[in-house]
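Coordinates as given in structure.txt (compact mmCIF, C-alpha atoms):
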# COMPACT_ATOMS: atom_id res chain seq x y z
CA MET A 1 34.93 176.67 82.88
CA VAL A 2 34.71 173.47 80.83
CA ARG A 3 33.49 174.35 77.33
CA SER A 4 33.47 171.20 75.21
CA THR A 5 34.57 167.58 75.43
CA ILE A 6 35.32 164.83 72.93
CA ILE A 7 36.29 161.19 73.41
CA VAL A 8 38.22 159.25 70.76
CA ARG A 9 39.96 155.90 70.44
CA ALA A 10 43.67 156.49 70.84
CA ASN A 11 45.10 154.19 68.18
CA ASP A 12 43.04 155.52 65.24
CA ALA A 13 41.34 158.72 66.53
CA LEU A 14 37.86 157.26 65.89
CA PRO A 15 35.35 159.57 67.66
CA LEU A 16 33.46 157.61 70.30
CA ALA A 17 31.40 160.33 72.03
CA ALA A 18 31.22 164.11 72.38
CA SER A 19 29.42 166.77 74.34
CA VAL A 20 26.38 168.37 72.72
CA ASP A 21 27.40 172.03 72.27
CA ASP A 22 25.12 174.95 71.45
CA GLU A 23 25.60 177.03 68.30
CA LYS A 24 27.57 179.78 70.05
CA THR A 25 30.00 177.29 71.57
CA GLU A 26 30.42 175.57 68.21
CA ASN A 27 31.28 178.89 66.56
CA ASP A 28 33.58 180.04 69.35
CA LEU A 29 35.50 176.75 69.47
CA GLN A 30 35.57 175.87 65.78
CA GLU A 31 39.32 176.50 65.47
CA HIS A 32 40.12 174.76 68.74
CA LYS A 33 38.14 171.69 67.75
CA GLN A 34 40.27 171.48 64.62
CA GLN A 35 43.32 171.73 66.86
CA ALA A 36 41.94 168.86 68.94
CA LYS A 37 41.95 166.71 65.80
CA LEU A 38 45.62 167.58 65.30
CA ILE A 39 46.34 166.49 68.87
CA PHE A 40 44.61 163.15 68.28
CA ARG A 41 46.80 162.58 65.22
CA ARG A 42 49.94 163.36 67.23
CA ILE A 43 49.15 160.85 69.96
CA THR A 44 51.30 157.71 69.81
CA PRO A 45 51.74 154.71 72.15
CA ASN A 46 54.55 156.72 73.80
CA ALA A 47 52.46 159.85 74.30
CA GLU A 48 52.18 161.47 77.69
CA PRO A 49 49.03 160.13 79.39
CA ARG A 50 48.11 163.61 80.65
CA CYS A 51 48.86 166.88 78.92
CA SER A 52 47.67 170.49 78.79
CA ILE A 53 48.06 172.42 75.52
CA GLU A 54 47.58 176.17 75.66
CA SER A 55 45.92 177.90 72.71
CA GLY A 56 44.89 181.54 72.97
CA GLN A 57 42.23 182.07 75.62
CA TYR A 58 41.63 178.32 75.99
CA THR A 59 43.58 175.27 77.11
CA LEU A 60 43.04 171.78 75.71
CA HIS A 61 43.51 169.12 78.38
CA TYR A 62 43.65 165.45 77.52
CA LEU A 63 43.87 162.19 79.45
CA ILE A 64 44.61 158.78 77.93
CA SER A 65 43.24 155.66 79.61
CA ASP A 66 42.82 152.14 78.18
CA ASN A 67 43.32 153.24 74.55
CA VAL A 68 40.78 156.06 74.93
CA VAL A 69 41.56 159.78 74.80
CA PHE A 70 39.39 162.14 76.82
CA LEU A 71 39.90 165.76 75.76
CA THR A 72 38.21 168.87 77.08
CA ILE A 73 38.51 172.50 76.01
CA ALA A 74 38.43 174.85 78.99
CA ASP A 75 39.05 178.50 79.70
CA LYS A 76 42.73 179.22 80.16
CA SER A 77 42.01 180.47 83.70
CA TYR A 78 40.25 177.23 84.67
CA PRO A 79 42.36 175.25 87.18
CA ARG A 80 44.20 172.31 85.65
CA LYS A 81 43.53 170.27 88.78
CA LEU A 82 39.79 170.53 88.17
CA ALA A 83 40.08 169.93 84.43
CA PHE A 84 41.87 166.63 85.02
CA SER A 85 39.54 165.68 87.84
CA PHE A 86 36.67 166.17 85.37
CA LEU A 87 38.42 163.99 82.78
CA ASP A 88 39.16 161.38 85.42
CA GLU A 89 35.45 161.23 86.30
CA LEU A 90 34.60 160.68 82.63
CA SER A 91 37.25 158.02 82.08
CA LYS A 92 36.12 155.91 85.02
CA GLU A 93 32.44 156.05 84.09
CA PHE A 94 33.19 155.42 80.41
CA ALA A 95 35.33 152.38 81.26
CA THR A 96 32.52 150.99 83.42
CA SER A 97 29.83 151.57 80.79
CA TYR A 98 31.61 150.86 77.51
CA GLY A 99 35.16 149.64 78.22
CA PRO A 100 34.86 146.12 76.73
CA ARG A 101 33.18 147.47 73.58
CA VAL A 102 35.73 150.15 72.64
CA GLU A 103 37.96 147.93 70.50
CA SER A 104 35.03 146.53 68.51
CA ALA A 105 33.50 149.93 67.68
CA ARG A 106 33.41 150.55 63.92
CA LYS A 107 31.24 153.64 63.45
CA PRO A 108 31.95 157.16 64.71
CA TYR A 109 30.15 158.17 67.90
CA ALA A 110 29.14 154.62 68.72
CA PHE A 111 28.64 155.67 72.34
CA VAL A 112 26.78 158.90 71.72
CA GLY A 113 24.56 158.18 74.71
CA PHE A 114 27.48 159.03 76.99
CA ASP A 115 26.81 162.73 76.35
CA THR A 116 24.16 162.62 79.11
CA PHE A 117 26.75 161.75 81.75
CA MET A 118 29.20 164.28 80.26
CA ALA A 119 26.62 167.07 80.44
CA LYS A 120 25.68 166.22 84.03
CA THR A 121 29.33 166.08 85.13
CA ALA A 122 30.23 169.25 83.21
CA ARG A 123 27.53 171.15 85.08
CA LEU A 124 29.18 170.15 88.35
CA TYR A 125 32.49 171.50 87.08
CA GLN A 126 31.26 174.79 85.60
CA ASP A 127 31.83 176.79 88.77
CA THR A 128 35.21 176.26 90.42
CA ARG A 129 33.78 176.39 93.93
CA THR A 130 31.13 173.80 93.12
CA ALA A 131 33.72 171.69 91.31
CA ASN A 132 36.11 171.74 94.26
CA ALA A 133 33.34 170.70 96.62
CA ALA A 134 32.11 167.97 94.29
CA ALA A 135 35.57 166.57 93.63
CA SER A 136 36.49 166.60 97.32
CA GLY A 137 33.20 165.01 98.28
CA LEU A 138 33.64 162.22 95.74
CA GLY A 139 37.24 161.69 96.77
CA LYS A 140 38.49 161.87 93.18
CA LEU A 141 41.41 164.25 93.67
CA ASN A 142 44.12 161.72 94.28
CA ASP A 143 47.78 162.61 94.73
CA GLU A 144 48.56 162.31 91.03
CA LEU A 145 45.82 164.77 90.08
CA GLN A 146 46.72 167.20 92.85
CA ASP A 147 50.32 167.43 91.66
CA VAL A 148 49.55 169.26 88.43
CA THR A 149 53.21 170.29 88.12
CA ARG A 150 53.91 166.76 86.86
CA ILE A 151 51.50 167.17 83.95
CA MET A 152 53.22 168.13 80.72
CA THR A 153 52.28 171.55 79.34
CA LYS A 154 52.65 172.47 75.68
CA ASN A 155 51.79 175.43 73.50
CA MET A 156 49.68 174.88 70.38
CA GLU A 157 52.19 176.87 68.33
CA GLU A 158 54.86 174.31 69.23
CA LEU A 159 52.70 171.52 67.82
CA LEU A 160 51.53 173.41 64.72
CA TRP A 161 54.71 175.10 63.56
CA ARG A 162 57.65 173.46 65.32
CA GLY A 163 56.55 169.86 64.93
CA ASP A 164 56.86 169.29 68.67
CA SER A 165 56.00 165.91 70.12
CA LEU A 166 53.60 164.72 72.80
CA ASP A 167 55.81 161.74 73.62
CA ARG A 168 57.18 161.03 77.07
CA MET A 169 60.77 161.19 75.80
CA SER A 170 60.15 164.71 74.47
CA HIS A 171 58.90 165.72 77.89
CA LEU A 172 61.86 164.01 79.52
CA SER A 173 64.27 165.78 77.17
CA THR A 174 62.72 169.14 78.01
CA SER A 175 62.89 168.37 81.72
CA LEU A 176 66.51 167.27 81.43
CA ARG A 177 67.42 170.49 79.62
CA SER A 178 65.71 172.49 82.34
CA GLU A 179 67.46 170.55 85.09
CA SER A 180 70.79 170.86 83.28
CA GLU A 181 70.39 174.63 83.08
CA LYS A 182 69.56 174.77 86.79
CA TYR A 183 72.66 172.68 87.52
CA ARG A 184 74.90 174.98 85.47
CA LYS A 185 73.55 178.04 87.27
CA ALA A 186 74.01 176.39 90.66
CA ALA A 187 77.56 175.32 89.76
CA ARG A 188 78.38 178.83 88.60
CA ASN A 189 77.08 180.29 91.85
CA ILE A 190 79.09 177.77 93.87
CA ASN A 191 82.26 178.67 91.95
CA ILE A 192 81.69 182.36 92.55
CA GLN A 193 81.15 181.79 96.25
CA ALA A 194 84.29 179.64 96.42
CA MET A 195 86.35 182.39 94.76
CA ILE A 196 84.98 184.94 97.19
CA ARG A 197 85.89 182.75 100.15
CA GLN A 198 89.35 182.10 98.70
CA TYR A 199 90.31 185.63 97.80
CA ALA A 200 88.32 187.68 100.29
CA PRO A 201 91.00 187.37 103.05
CA LEU A 202 93.74 188.46 100.60
CA ALA A 203 91.63 191.39 99.46
CA ALA A 204 91.05 192.40 103.07
CA VAL A 205 94.80 192.26 103.84
CA PHE A 206 95.59 194.24 100.71
CA LEU A 207 93.02 196.88 101.63
CA LEU A 208 94.44 197.09 105.17
CA VAL A 209 97.96 197.61 103.80
CA ILE A 210 96.72 200.39 101.54
CA ILE A 211 95.02 202.09 104.48
CA LEU A 212 98.14 201.82 106.69
CA LEU A 213 100.35 203.21 103.91
CA TYR A 214 97.90 206.05 103.38
CA TRP A 215 97.97 206.95 107.08
CA ARG A 216 101.79 206.72 107.19
CA PHE A 217 102.49 209.05 104.31
CA SER A 218 99.59 211.45 104.71
Would it be possible to restate this file's structure as structure tokens?
Amino acid sequence: MVRSTIIVRANDALPLAASVDDEKTENDLQEHKQQAKLIFRRITPNAEPRCSIESGQYTLHYLISDNVVFLTIADKSYPRKLAFSFLDELSKEFATSYGPRVESARKPYAFVGFDTFMAKTARLYQDTRTANAAASGLGKLNDELQDVTRIMTKNMEELLWRGDSLDRMSHLSTSLRSESEKYRKAARNINIQAMIRQYAPLAAVFLLVIILLYWRFS
């Protein structure tokens, strides 16, 4: 389920709005909210517009739209498709309500009133069955959201300790390495099959000769 959500301006990480979380949620997600701040600092103009970052029993999903980052912390088992549908709902409503005022905002949480819409939408997405029905009924699950395999996935450890990047080129580099490895494996398999086709007849003839010689001298 969706646990907590925060909205910040992308170019300077200024908080614009956030969900109102109860005390238990605040305590449970204290570390992950600190990790969210790290993610905001790592976002650059070249950052992937959609990304999922796994951290323990939770996953942090973010979406960037019109210089605004929408990030939600959800259970690791919660479907990515629904998490990004939820964020897509928020981004469209936020753009309609506050879009022209984002760049001029100077104080943190200038659009705190948006928490009402976030809470209402989050309730729709708490249960996966209800969320699927709501998203389908509203027609929000477009092709891009449905194809979650195209959304970059990272591990929080990679960001914290390995200095990994959220940039598109980093994702492209990883994808290219993966594709290169697949190509090498495929080429190796093709070479093995070619050798088998080339030498199998000779091996068969050799085996036949051995058998004939065995019968002749036995």
Item to check | Given all atoms listed in the file as the counted atoms, nearest of A:Ile53, A:Val68, A:Leu124, A:Ala36 to Ala10 of chain A | outcome: A:Val68
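For the point (43.1, 159.1, 81.1) in file coordinates, the residues within 7 Å, using only C-alpha atoms, are Pro49, Arg50, Leu63, Ile64, Ser65, Val69, Phe70, Leu87, Asp88 and Ser91 of chain A.
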Next on the checklist: Between A:Asp66, A:Arg41, A:Asp75, A:Leu202, which residue has the minimum interatomic distance to Thr96 of chain A, considering all atoms listed in the file?
Outcome noted: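 Checking each of A:Asp66, A:Arg41, A:Asp75, A:Leu202 against Thr96 of chain A, counting all atoms listed in the file, the winner is A:Asp66.
Our summary of the geometry notes that atom CA of Glu31 of chain A is positioned 10.9 Å from atom CA of Tyr58 of chain A.
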Item to check | Interatomic distance (Å, one decimal) between atom CA of Glu26 of chain A and atom CA of Lys81 of chain A | outcome: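 These two atoms are separated by 25.0 Å.
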Next on the checklist: So, with all atoms listed in the file as the atoms that count, which of A:His32, A:Glu48, A:Thr59, A:Ile6 lies closest to Asn155 of chain A?
Outcome noted: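 Between A:His32, A:Glu48, A:Thr59, A:Ile6, the residue approaching Asn155 of chain A most closely is A:Thr59.
Between atom CA of Phe40 of chain A and atom CA of Met1 of chain A the interatomic distance comes to 22.1 Å.
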Checklist outcome for this item: Across A:Met118, A:Val8, A:Ile43, A:Leu38, the smallest distance to Asp21 of chain A, with all atoms listed in the file counted, is shown by A:Met118
Item to check | Spatial neighbours of Tyr109 of chain A, 6 Å, all atoms listed in the file, chain gap at least 3 places, as a list in words | outcome: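 Everything that qualifies: Pro15, Leu16, Ala17 and Val112 of chain A.
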Checklist entry - For Lys107 of chain A, which residue among A:Ala95, A:Ala119, A:Ala13, A:Ala47 is the nearest when counting all atoms listed in the file? => result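 Among the listed residues, A:Ala13 lies closest to Lys107 of chain A.
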Checklist entry - Smallest atom-to-atom distance to Asp28 of chain A: which of A:Ser4, A:Ile210, A:Arg9, A:Ala83, using all atoms listed in the file? => result A:Ser4
Item to check | Contacts of Arg80 of chain A within 8 Å, only C-alpha atoms, excl. fewer than 3 positions in-chain, as a PyMOL selection string | outcome: chain A and resi 52+61+83-84+148
N, CA, C and O atoms are needed for segment 73-90 of chain A; please write them out as a compact mmCIF listing (two decimals), in the coordinates of the input.
# COMPACT_ATOMS: atom_id res chain seq x y z
N ILE A 73 38.07 171.13 76.27
CA ILE A 73 38.51 172.50 76.01
C ILE A 73 37.96 173.36 77.13
O ILE A 73 36.75 173.41 77.36
N ALA A 74 38.84 174.04 77.85
CA ALA A 74 38.43 174.85 78.99
C ALA A 74 39.04 176.24 78.90
O ALA A 74 40.02 176.46 78.17
N ASP A 75 38.46 177.17 79.63
CA ASP A 75 39.05 178.50 79.70
C ASP A 75 40.47 178.39 80.23
O ASP A 75 40.77 177.54 81.08
N LYS A 76 41.34 179.27 79.75
CA LYS A 76 42.73 179.22 80.16
C LYS A 76 42.88 179.42 81.67
O LYS A 76 43.80 178.89 82.29
N SER A 77 41.95 180.19 82.26
CA SER A 77 42.01 180.47 83.70
C SER A 77 41.47 179.33 84.55
O SER A 77 41.60 179.34 85.78
N TYR A 78 40.84 178.34 83.91
CA TYR A 78 40.25 177.23 84.67
C TYR A 78 41.36 176.36 85.25
O TYR A 78 42.30 175.97 84.55
N PRO A 79 41.29 176.02 86.54
CA PRO A 79 42.36 175.25 87.18
C PRO A 79 42.60 173.89 86.52
O PRO A 79 41.66 173.15 86.26
N ARG A 80 43.86 173.60 86.26
CA ARG A 80 44.20 172.31 85.65
C ARG A 80 43.77 171.14 86.53
O ARG A 80 43.36 170.09 86.05
N LYS A 81 43.90 171.33 87.84
CA LYS A 81 43.53 170.27 88.78
C LYS A 81 42.08 169.85 88.57
O LYS A 81 41.76 168.66 88.54
N LEU A 82 41.20 170.83 88.37
CA LEU A 82 39.79 170.53 88.17
C LEU A 82 39.53 169.94 86.79
O LEU A 82 38.69 169.05 86.62
N ALA A 83 40.25 170.45 85.79
CA ALA A 83 40.08 169.93 84.43
C ALA A 83 40.40 168.44 84.39
O ALA A 83 39.66 167.64 83.79
N PHE A 84 41.49 168.04 85.04
CA PHE A 84 41.87 166.63 85.02
C PHE A 84 41.02 165.79 85.97
O PHE A 84 40.84 164.59 85.73
N SER A 85 40.50 166.40 87.00
CA SER A 85 39.54 165.68 87.84
C SER A 85 38.27 165.38 87.04
O SER A 85 37.70 164.28 87.13
N PHE A 86 37.83 166.34 86.25
CA PHE A 86 36.67 166.17 85.37
C PHE A 86 36.92 165.02 84.38
O PHE A 86 36.09 164.13 84.21
N LEU A 87 38.08 165.04 83.74
CA LEU A 87 38.42 163.99 82.78
C LEU A 87 38.53 162.62 83.46
O LEU A 87 38.15 161.60 82.89
N ASP A 88 39.04 162.63 84.67
CA ASP A 88 39.16 161.38 85.42
C ASP A 88 37.78 160.79 85.72
O ASP A 88 37.57 159.58 85.63
N GLU A 89 36.84 161.66 86.07
CA GLU A 89 35.45 161.23 86.30
C GLU A 89 34.90 160.56 85.04
O GLU A 89 34.29 159.48 85.09
N LEU A 90 35.12 161.22 83.89
CA LEU A 90 34.60 160.68 82.63
C LEU A 90 35.23 159.34 82.29
O LEU A 90 34.54 158.40 81.87
